[in-house]
Every structure is written in structure tokens, then in C-alpha cells.
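Chemist: Below is a structure I'd like to ask you about.
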Amino acid sequence: MDDDRPDVLLTGLLFYDLVLTGLGKPPTPGEEIWTEGMGCGPGGIANLAVAASRFGLRTSLATVFGDDFYGEHCRDVLCDQEGIDLSLSRTADGWPTPVTVSVAFGHDRALLTHGQEPPYSQDVLMGDPPAARTALVHLEAEPREWLAKAAANGTQVYADVGWDPTQEWPTALLEQLALCHAFLPNETEAMAYTRTDSAVAALGTLSELVPVAVVTRGGDGALAVDQITGEYADVPALDVNVLDATGAGDVFGAAFVTASLGGWPLAERLRFAVLAAGLSVGHHGGALAAPGWYGVHRWWHSLTDPELKRSYGFLADRLPADPGPAVAYAPLTPPAPHTSVGPRASERRH
């Protein structure tokens with residue numbers, strides 16, 4: 001019998017992103033810098049949603065759109081272009097869609113955001129969450145009620161966590177891992193929350209709290225332990241030119257879930273996620289930098305490095321026969337209202 005549940009359930013705050021790249025150095029007060037690149041499109045929780053959908057996962061998103069141009073544009077992109085189910089989402093009258101300007105330089109970026117607290121919480125949007133195969137969630141200090149409900153429904157929860165501006169890193173947050181199947185923090189977060197001094201030590205602590213523990217290390221790759229299968233993996237990052245790293249962690253998470261749903265060995269799951277994240281940083285950040293199967297297929301068939309060919313040889317059997325047409329990357333400027341934003345989801349699905 002076919003499983004008609006969503007593959008991925010998501011909720012969180014959506015942003016309209018304007019990304020500026022090619023600065024060379026950060027700006028200083030009173031200085032004007034002309035940039036070499038710019039892109040725009042949905043961001044925030046849309047990063048995860050688009051990345052998952054581009055890997056062919058049935059993706060359900062609960063978020064809030066403002067009743068403005070930015071909200072309308074993001075809704076059009078996510079629903080019509082990317083094929084994401086927005087039936088759990090709402091449009092809020094009189095509420096402005098948050099707008100973020102991302103200024104990228106080197107391997108880092110600065111963010112400026114205009115916005116207000118959304119009028120609907122995650123728990124209100126989700127209510128009694130529908131049964132789904134997985135949920136990708138961002139853990140916060142205050143637990144969300146819908147998360148326990150989703151876990152009770154049999155949904156496998158894949159979680160990450162963000163920077164703590166208070167730098168208190170409360171260990172109580174890790175109690176939420178009892179609801180999770182997997183936890184995917186970066187090494188700074190992992191060490192801070194576990195009070196350890198290395199990524200390996202942090203992984204060891206986390207592996208006692210959650211079945212699958214992953215620690216991402218940026219330019220140093222990622223390492224993971226799967227207590228269910230008894231596997232350990234440590235893989236290097238790809239040597240890539242970084243245009244903008246915004247959203248790379250989200251692409252990593254979506255790719256890891258894709259490979260996990262496919263039942264791949266841990267090393268393959270980790271390499272695939274590292275590859276997807278590496279491909280995303282070569283494009284303007286935000287949701288539309290996600291490579292999807294098209295980007296991975298193109299990379300694999302253009303690969304000449306014999307060592308990478310061996311390391312990623314599993315892709316020969318994992319790639320779909322038809323990766324679909326080219327994905328739509330972030331445009332320089334958005335289209336005029338009520339014009340097409342790209343191929344409809346039904347036209348680009350394989």
C-alpha cells in the first residue's frame with residue numbers, strides 16, 4: 001500500500017530575502033560599496049521547504065505570509081514553482097512579511113531584518129499536526145506543543161538548533177531530544193550545549209541522547225553516529241568556491257532526510273548531505289540556492305576527479321533516471337505581480 005503521508009512536515013517563520021554578494025569586505029559606517037551580485041526570493045523556513053521539495057519529497061509547510069507583495073511573491077514561488085503544500089499556512093491581514101537583507105562576504109554574512117512577531121504561533125498553525133513520515137524542526141528553549149504530538153503520531157523528528165544570543169546554551173534544551181530521531185547541530189552549537197571541547201566529544205555526548213547524531217563542521221565536513229545501525233562516519237567537505245553560505249545548513253538537513261528515507265548507509269547519507277550543501281553555496285543564498293536532484297546529477301556527470309569519483313560512486317545507483325529540468329535560482333529582481341515565477345511543479349516533477 002502506498003504511503004500518502006507527507007514526506008516532510010515543516011513550520012517556522014518565512015522571510016523575503018534580498019542577498020548581496022561579492023563585497024570583498026564588510027561595510028563600515030558611512031561607506032558605500034557596490035556589489036557584484038544580487039538575488040532575491042523566499043528564505044527562513046522556505047530554505048528547508050524548497051530543498052526538500054527539490055529532492056522529490058512531498059513537503060507540507062505551515063507558515064505565515066503577509067498580505068503584501070513580498071508575501072504574495074513567496075507564496076507563488078513556493079506553491080506554483082516548487083510544488084509545496086501550503087494548506088497549513090495562513091495569510092495575515094495587515095501583517096508585513098519579514099524582509100531580510102543578507103550581505104555576504106567571504107565565508108560569512110551579515111543580516112538586516114525588518115519584521116514583527118507573526119500573529120499565529122507554530123502551535124496554532126499546526127494544531128493537531130497531520131501524520132507525516134518526518135518533520136524537520138528547529139529546537140528552541142521553550143518546547144513547542146506540536147512537536148510532542150507529531151512524535152506521538154509516529155513522525156520521525158529531525159532537529160537542529162540555532163545560535164544562542166545569550167550564550168548561556170541551556171542544557172535543558174537537550175531534553176527535547178527524547179522526542180527526536182536525529183539531531184544535526186553545527187560543531188559550535190554542539191560543543192556549547194554539551195559543554196565539550198571538540199566535535200568528536202560533542203558527538204559522543206549527543207549519541208547517548210538521540211538515535212542519530214550529526215555534527216556539521218562547515219569547511220571540515222561532518223561526522224555522525226547512528227545508534228540504530230551501529231555506524232560511524234566522518235566525511236570531508238568539498239573544495240568549493242563560496243558565493244554565499246546562507247541556507248547551506250538547511251540544504252544539508254533536507255538532503256540528509258532524503259537519503260535517510262531512502263535507507264542509505266550512514267556514510268552515503270553524510271556524503272550526500274555534504275555534497276548538496278556544497279553545491280548550494282555557489283549560488284545566491286536563500287531557498288532557491290538548493291540544488292535538488294538536477295544539481296547533483298549535473299555535478300556527478302561532470303566529475304573528473306578520480307578520488308571523488310570513488311568516494312561518491314554510490315550516486316551511480318542512487319540518482320533518479322530523470323532528474324528533471326534545471327532548477328530556478330534566485331532572480332536578480334522579482335517578476336512583476338501576477339506574472340509567472342517559473343515552471344509549475346507539475347511540469348518539473350520526475
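Identifiers for the C-alpha cells are assigned positionally: chains receive A, B, ... in sequence, residues are indexed from 1 per chain, and ligands are indexed from 1 in the order shown.
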Name the residues in contact with Leu174 (chain A) at a cut-off of 8 Å, using only C-alpha atoms, excluding same-chain residues fewer than 2 positions from it; report them as a list in words.
Modeler: Thr171, Ala172, Gln176, Leu177, Tyr193 and Leu209 of chain A
Chemist: If we count only C-alpha atoms and set the cut-off at 7 Å, which residues sit around region 98-110 of chain A, ignoring sequence neighbours fewer than 4 positions away in its own chain? Please answer as a VMD selection string.
Modeler: chain A and resid 15 to 26 114 to 116 242 244 to 245
Chemist: For a test of reading the model, state the distance in Å between CA of Leu147 (chain A) and CA of Gln81 (chain A), rounded to one decimal.
Modeler: 28.5 Å
Chemist: Using only C-alpha atoms, which of the listed residues (A:Thr196, A:Thr59, A:Gln156, A:Thr166) sits closest to Ala141 (chain A)?
Modeler: A:Thr166
Chemist: Check the smallest atom-to-atom distance from each of A:Leu125, A:Ala255, A:Leu111, A:Ala277 to Val8 (chain A) using only C-alpha atoms, then report the winner.
Modeler: A:Ala255
Chemist: Would you mind listing what lies within 10 Å of Trp163 (chain A) as a list of chain:residue names, with only C-alpha atoms counted and same-chain residues fewer than 2 positions away left out?
Modeler: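 Using only C-alpha atoms, the neighbours found are A:Val161, A:Pro165, A:Thr166, A:Gln167, A:Trp169, A:Pro185, A:Asn186, A:Thr188, A:Glu189, A:Ala192.
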Chemist: Put those residues in a file: N, CA, C and O atoms, as a PDB file, in the first residue's frame.
Modeler:
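Final output, saved to again.pdb:
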```pdb
ATOM      1  N   VAL A 161      19.333  23.294  15.735  1.00  0.00           N
ATOM      2  CA  VAL A 161      19.237  24.329  16.756  1.00  0.00           C
ATOM      3  C   VAL A 161      20.041  25.515  16.261  1.00  0.00           C
ATOM      4  O   VAL A 161      20.902  25.367  15.377  1.00  0.00           O
ATOM      5  N   PRO A 165      21.873  33.800  21.342  1.00  0.00           N
ATOM      6  CA  PRO A 165      22.447  35.145  21.519  1.00  0.00           C
ATOM      7  C   PRO A 165      22.814  35.452  22.967  1.00  0.00           C
ATOM      8  O   PRO A 165      23.666  36.299  23.226  1.00  0.00           O
ATOM      9  N   THR A 166      22.206  34.755  23.924  1.00  0.00           N
ATOM     10  CA  THR A 166      22.565  34.953  25.326  1.00  0.00           C
ATOM     11  C   THR A 166      23.859  34.233  25.680  1.00  0.00           C
ATOM     12  O   THR A 166      24.469  34.513  26.717  1.00  0.00           O
ATOM     13  N   GLN A 167      24.247  33.284  24.829  1.00  0.00           N
ATOM     14  CA  GLN A 167      25.422  32.434  25.029  1.00  0.00           C
ATOM     15  C   GLN A 167      25.378  31.685  26.364  1.00  0.00           C
ATOM     16  O   GLN A 167      26.414  31.342  26.931  1.00  0.00           O
ATOM     17  N   TRP A 169      23.466  28.781  26.469  1.00  0.00           N
ATOM     18  CA  TRP A 169      23.395  27.418  25.960  1.00  0.00           C
ATOM     19  C   TRP A 169      22.777  26.470  26.992  1.00  0.00           C
ATOM     20  O   TRP A 169      23.442  25.558  27.481  1.00  0.00           O
ATOM     21  N   PRO A 185      23.187  19.576  14.818  1.00  0.00           N
ATOM     22  CA  PRO A 185      23.749  20.900  15.085  1.00  0.00           C
ATOM     23  C   PRO A 185      25.092  21.086  14.389  1.00  0.00           C
ATOM     24  O   PRO A 185      25.710  20.121  13.937  1.00  0.00           O
ATOM     25  N   ASN A 186      25.552  22.355  14.317  1.00  0.00           N
ATOM     26  CA  ASN A 186      26.928  22.555  13.876  1.00  0.00           C
ATOM     27  C   ASN A 186      27.856  22.376  15.076  1.00  0.00           C
ATOM     28  O   ASN A 186      27.413  22.249  16.216  1.00  0.00           O
ATOM     29  N   THR A 188      29.944  24.317  16.692  1.00  0.00           N
ATOM     30  CA  THR A 188      29.920  25.347  17.733  1.00  0.00           C
ATOM     31  C   THR A 188      28.744  25.126  18.667  1.00  0.00           C
ATOM     32  O   THR A 188      28.883  25.157  19.898  1.00  0.00           O
ATOM     33  N   GLU A 189      27.578  24.900  18.077  1.00  0.00           N
ATOM     34  CA  GLU A 189      26.378  24.650  18.887  1.00  0.00           C
ATOM     35  C   GLU A 189      26.507  23.354  19.677  1.00  0.00           C
ATOM     36  O   GLU A 189      26.164  23.300  20.856  1.00  0.00           O
ATOM     37  N   ALA A 192      28.876  23.755  22.595  1.00  0.00           N
ATOM     38  CA  ALA A 192      28.346  24.658  23.614  1.00  0.00           C
ATOM     39  C   ALA A 192      27.256  23.983  24.449  1.00  0.00           C
ATOM     40  O   ALA A 192      27.252  24.084  25.683  1.00  0.00           O
TER      41      ALA A 192
END
```
Chemist: Name the closest residue to Thr134 (chain A) among the candidates A:Ala199, A:Leu184, A:Ile84, A:Leu9; distances are taken between atoms, counting only C-alpha atoms.
Modeler: A:Leu9
Chemist: Measuring between only C-alpha atoms, which one of A:Leu173, A:Ala159, A:Leu179, A:Leu10 shows the shortest distance to Glu140 (chain A)?
Modeler: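 Of A:Leu173, A:Ala159, A:Leu179, A:Leu10, the one nearest Glu140 (chain A) is A:Leu173, counting only C-alpha atoms.
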Chemist: Pick out the residues sitting within 10 Å of Gly247 (chain A), and hand them over as a PDB file with C-alpha atoms, in the first residue's frame; count only C-alpha atoms, and ignore anything fewer than 3 positions along from it in its own chain.
Modeler:
```
ATOM      1  CA  GLY A  43      14.075  32.498   2.898  1.00  0.00           C
ATOM      2  CA  GLY A  44      13.819  31.373   6.502  1.00  0.00           C
ATOM      3  CA  ILE A  45      11.760  28.183   6.764  1.00  0.00           C
ATOM      4  CA  ALA A  46      11.417  28.285   2.957  1.00  0.00           C
ATOM      5  CA  ASN A  47      15.069  27.195   2.749  1.00  0.00           C
ATOM      6  CA  LEU A  48      14.186  23.789   4.175  1.00  0.00           C
ATOM      7  CA  ALA A  51      15.472  21.987  -0.523  1.00  0.00           C
ATOM      8  CA  ASP A 244      27.023  32.738  -0.116  1.00  0.00           C
ATOM      9  CA  ASP A 250      19.107  23.731   5.694  1.00  0.00           C
ATOM     10  CA  VAL A 251      20.117  22.101   2.412  1.00  0.00           C
ATOM     11  CA  PHE A 252      22.315  19.698   4.393  1.00  0.00           C
ATOM     12  CA  ALA A 277      25.270  21.856   0.942  1.00  0.00           C
ATOM     13  CA  SER A 280      24.237  25.368  -2.655  1.00  0.00           C
ATOM     14  CA  VAL A 281      26.949  27.833  -1.558  1.00  0.00           C
ATOM     15  CA  HIS A 284      22.883  33.350  -4.064  1.00  0.00           C
ATOM     16  CA  GLY A 285      21.626  32.227  -0.656  1.00  0.00           C
ATOM     17  CA  GLY A 286      18.131  31.528   0.484  1.00  0.00           C
ATOM     18  CA  ALA A 287      15.721  28.860  -0.613  1.00  0.00           C
ATOM     19  CA  LEU A 288      16.454  28.989  -4.323  1.00  0.00           C
ATOM     20  CA  ALA A 289      20.126  28.027  -3.916  1.00  0.00           C
ATOM     21  CA  ALA A 290      19.098  24.405  -3.237  1.00  0.00           C
TER      22      ALA A 290
END
```
Chemist: Go through region 162-345 of chain A and collect every residue that DSSP, computed from the backbone, puts in strand (DSSP E); the answer should be as a list in words.
Modeler: Ala182, Phe183, Val212, Ala213, Val214, Val215, Thr216, Ala222, Leu223, Ala224, Val225, Asp226, Glu231, Tyr232, Ala233, Asp234 and Val235 of chain A
Chemist: Could those selected residues go to a file with all heavy atoms, as a compact mmCIF listing (two decimals), in the first residue's frame?
Modeler:
```txt
# COMPACT_ATOMS: atom_id res chain seq x y z
N ALA A 182 16.71 12.28 15.10
CA ALA A 182 18.04 12.74 14.71
C ALA A 182 18.24 14.18 15.14
O ALA A 182 17.28 14.96 15.21
CB ALA A 182 18.24 12.60 13.20
N PHE A 183 19.49 14.54 15.42
CA PHE A 183 19.85 15.90 15.81
C PHE A 183 21.06 16.30 14.99
O PHE A 183 22.05 15.57 14.92
CB PHE A 183 20.16 15.94 17.30
CG PHE A 183 20.41 17.31 17.86
CD1 PHE A 183 19.62 18.39 17.50
CD2 PHE A 183 21.44 17.52 18.78
CE1 PHE A 183 19.83 19.65 18.03
CE2 PHE A 183 21.67 18.78 19.32
CZ PHE A 183 20.86 19.84 18.94
N VAL A 212 20.20 9.14 16.13
CA VAL A 212 21.13 9.55 15.08
C VAL A 212 21.65 10.94 15.43
O VAL A 212 20.88 11.90 15.49
CB VAL A 212 20.47 9.57 13.70
CG1 VAL A 212 21.48 10.00 12.63
CG2 VAL A 212 19.89 8.19 13.35
N ALA A 213 22.95 11.06 15.65
CA ALA A 213 23.56 12.34 15.98
C ALA A 213 24.52 12.73 14.87
O ALA A 213 25.34 11.93 14.42
CB ALA A 213 24.31 12.25 17.31
N VAL A 214 24.40 13.98 14.40
CA VAL A 214 25.24 14.51 13.33
C VAL A 214 25.82 15.83 13.81
O VAL A 214 25.10 16.65 14.38
CB VAL A 214 24.43 14.73 12.04
CG1 VAL A 214 25.32 15.30 10.94
CG2 VAL A 214 23.75 13.45 11.58
N VAL A 215 27.09 16.07 13.57
CA VAL A 215 27.71 17.36 13.85
C VAL A 215 28.33 17.87 12.55
O VAL A 215 29.21 17.22 11.97
CB VAL A 215 28.79 17.25 14.95
CG1 VAL A 215 29.49 18.61 15.14
CG2 VAL A 215 28.18 16.78 16.26
N THR A 216 27.84 19.02 12.09
CA THR A 216 28.37 19.60 10.86
C THR A 216 29.53 20.53 11.21
O THR A 216 29.53 21.20 12.24
CB THR A 216 27.29 20.37 10.09
OG1 THR A 216 26.81 21.46 10.90
CG2 THR A 216 26.13 19.46 9.75
N ALA A 222 31.62 16.79 8.03
CA ALA A 222 30.63 16.42 9.04
C ALA A 222 30.95 15.03 9.57
O ALA A 222 31.62 14.23 8.90
CB ALA A 222 29.22 16.44 8.43
N LEU A 223 30.48 14.76 10.77
CA LEU A 223 30.63 13.42 11.35
C LEU A 223 29.32 13.03 12.02
O LEU A 223 28.52 13.89 12.41
CB LEU A 223 31.79 13.36 12.33
CG LEU A 223 31.83 14.26 13.55
CD1 LEU A 223 32.79 13.67 14.61
CD2 LEU A 223 32.34 15.66 13.18
N ALA A 224 29.08 11.72 12.15
CA ALA A 224 27.80 11.25 12.63
C ALA A 224 27.91 9.87 13.23
O ALA A 224 28.82 9.10 12.91
CB ALA A 224 26.77 11.25 11.49
N VAL A 225 26.95 9.56 14.10
CA VAL A 225 26.80 8.23 14.68
C VAL A 225 25.33 7.83 14.55
O VAL A 225 24.43 8.63 14.84
CB VAL A 225 27.20 8.21 16.17
CG1 VAL A 225 26.81 6.88 16.82
CG2 VAL A 225 28.70 8.42 16.32
N ASP A 226 25.08 6.61 14.09
CA ASP A 226 23.73 6.05 14.04
C ASP A 226 23.70 4.88 15.02
O ASP A 226 24.27 3.82 14.76
CB ASP A 226 23.41 5.58 12.61
CG ASP A 226 21.97 5.12 12.46
OD1 ASP A 226 21.38 4.64 13.45
OD2 ASP A 226 21.43 5.23 11.34
N GLU A 231 26.57 2.43 13.02
CA GLU A 231 27.52 3.04 12.08
C GLU A 231 28.11 4.35 12.62
O GLU A 231 27.43 5.10 13.33
CB GLU A 231 26.83 3.33 10.75
CG GLU A 231 26.33 2.11 10.00
CD GLU A 231 25.46 2.53 8.82
OE1 GLU A 231 24.29 2.88 9.03
OE2 GLU A 231 25.98 2.51 7.69
N TYR A 232 29.34 4.61 12.21
CA TYR A 232 30.01 5.89 12.44
C TYR A 232 30.54 6.37 11.11
O TYR A 232 31.04 5.58 10.30
CB TYR A 232 31.15 5.74 13.45
CG TYR A 232 32.03 6.97 13.57
CD1 TYR A 232 31.65 8.03 14.38
CD2 TYR A 232 33.23 7.05 12.85
CE1 TYR A 232 32.45 9.16 14.48
CE2 TYR A 232 34.03 8.19 12.96
CZ TYR A 232 33.64 9.23 13.77
OH TYR A 232 34.43 10.35 13.87
N ALA A 233 30.48 7.66 10.86
CA ALA A 233 31.01 8.21 9.60
C ALA A 233 31.60 9.58 9.85
O ALA A 233 31.10 10.36 10.67
CB ALA A 233 29.91 8.30 8.54
N ASP A 234 32.69 9.86 9.15
CA ASP A 234 33.36 11.17 9.20
C ASP A 234 33.77 11.49 7.77
O ASP A 234 34.61 10.79 7.19
CB ASP A 234 34.57 11.10 10.12
CG ASP A 234 35.27 12.44 10.29
OD1 ASP A 234 34.93 13.39 9.56
OD2 ASP A 234 36.16 12.54 11.15
N VAL A 235 33.15 12.51 7.16
CA VAL A 235 33.42 12.81 5.76
C VAL A 235 33.89 14.25 5.60
O VAL A 235 33.48 15.14 6.35
CB VAL A 235 32.17 12.56 4.87
CG1 VAL A 235 31.63 11.15 5.06
CG2 VAL A 235 31.09 13.58 5.16
```
Chemist: So which residues touch region 311-327 of chain A within 10 Å, counting only C-alpha atoms, skipping near sequence neighbours fewer than 4 positions away, as JSON, numbers by chain?
Modeler: {"A": [54, 55, 56, 81, 82, 235, 259, 262, 264, 267, 268, 271, 272, 275, 288, 289, 290, 291, 292, 293, 294, 295, 296, 297, 298, 300, 301, 303, 306, 307, 342, 343, 347, 348, 349, 350]}
Chemist: CA of Leu308 (chain A) and CA of Asp239 (chain A), how far apart in Å?
Modeler: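 If I compute the distance from CA of Asp239 (chain A) to CA of Leu308 (chain A), I get 10.8 Å.
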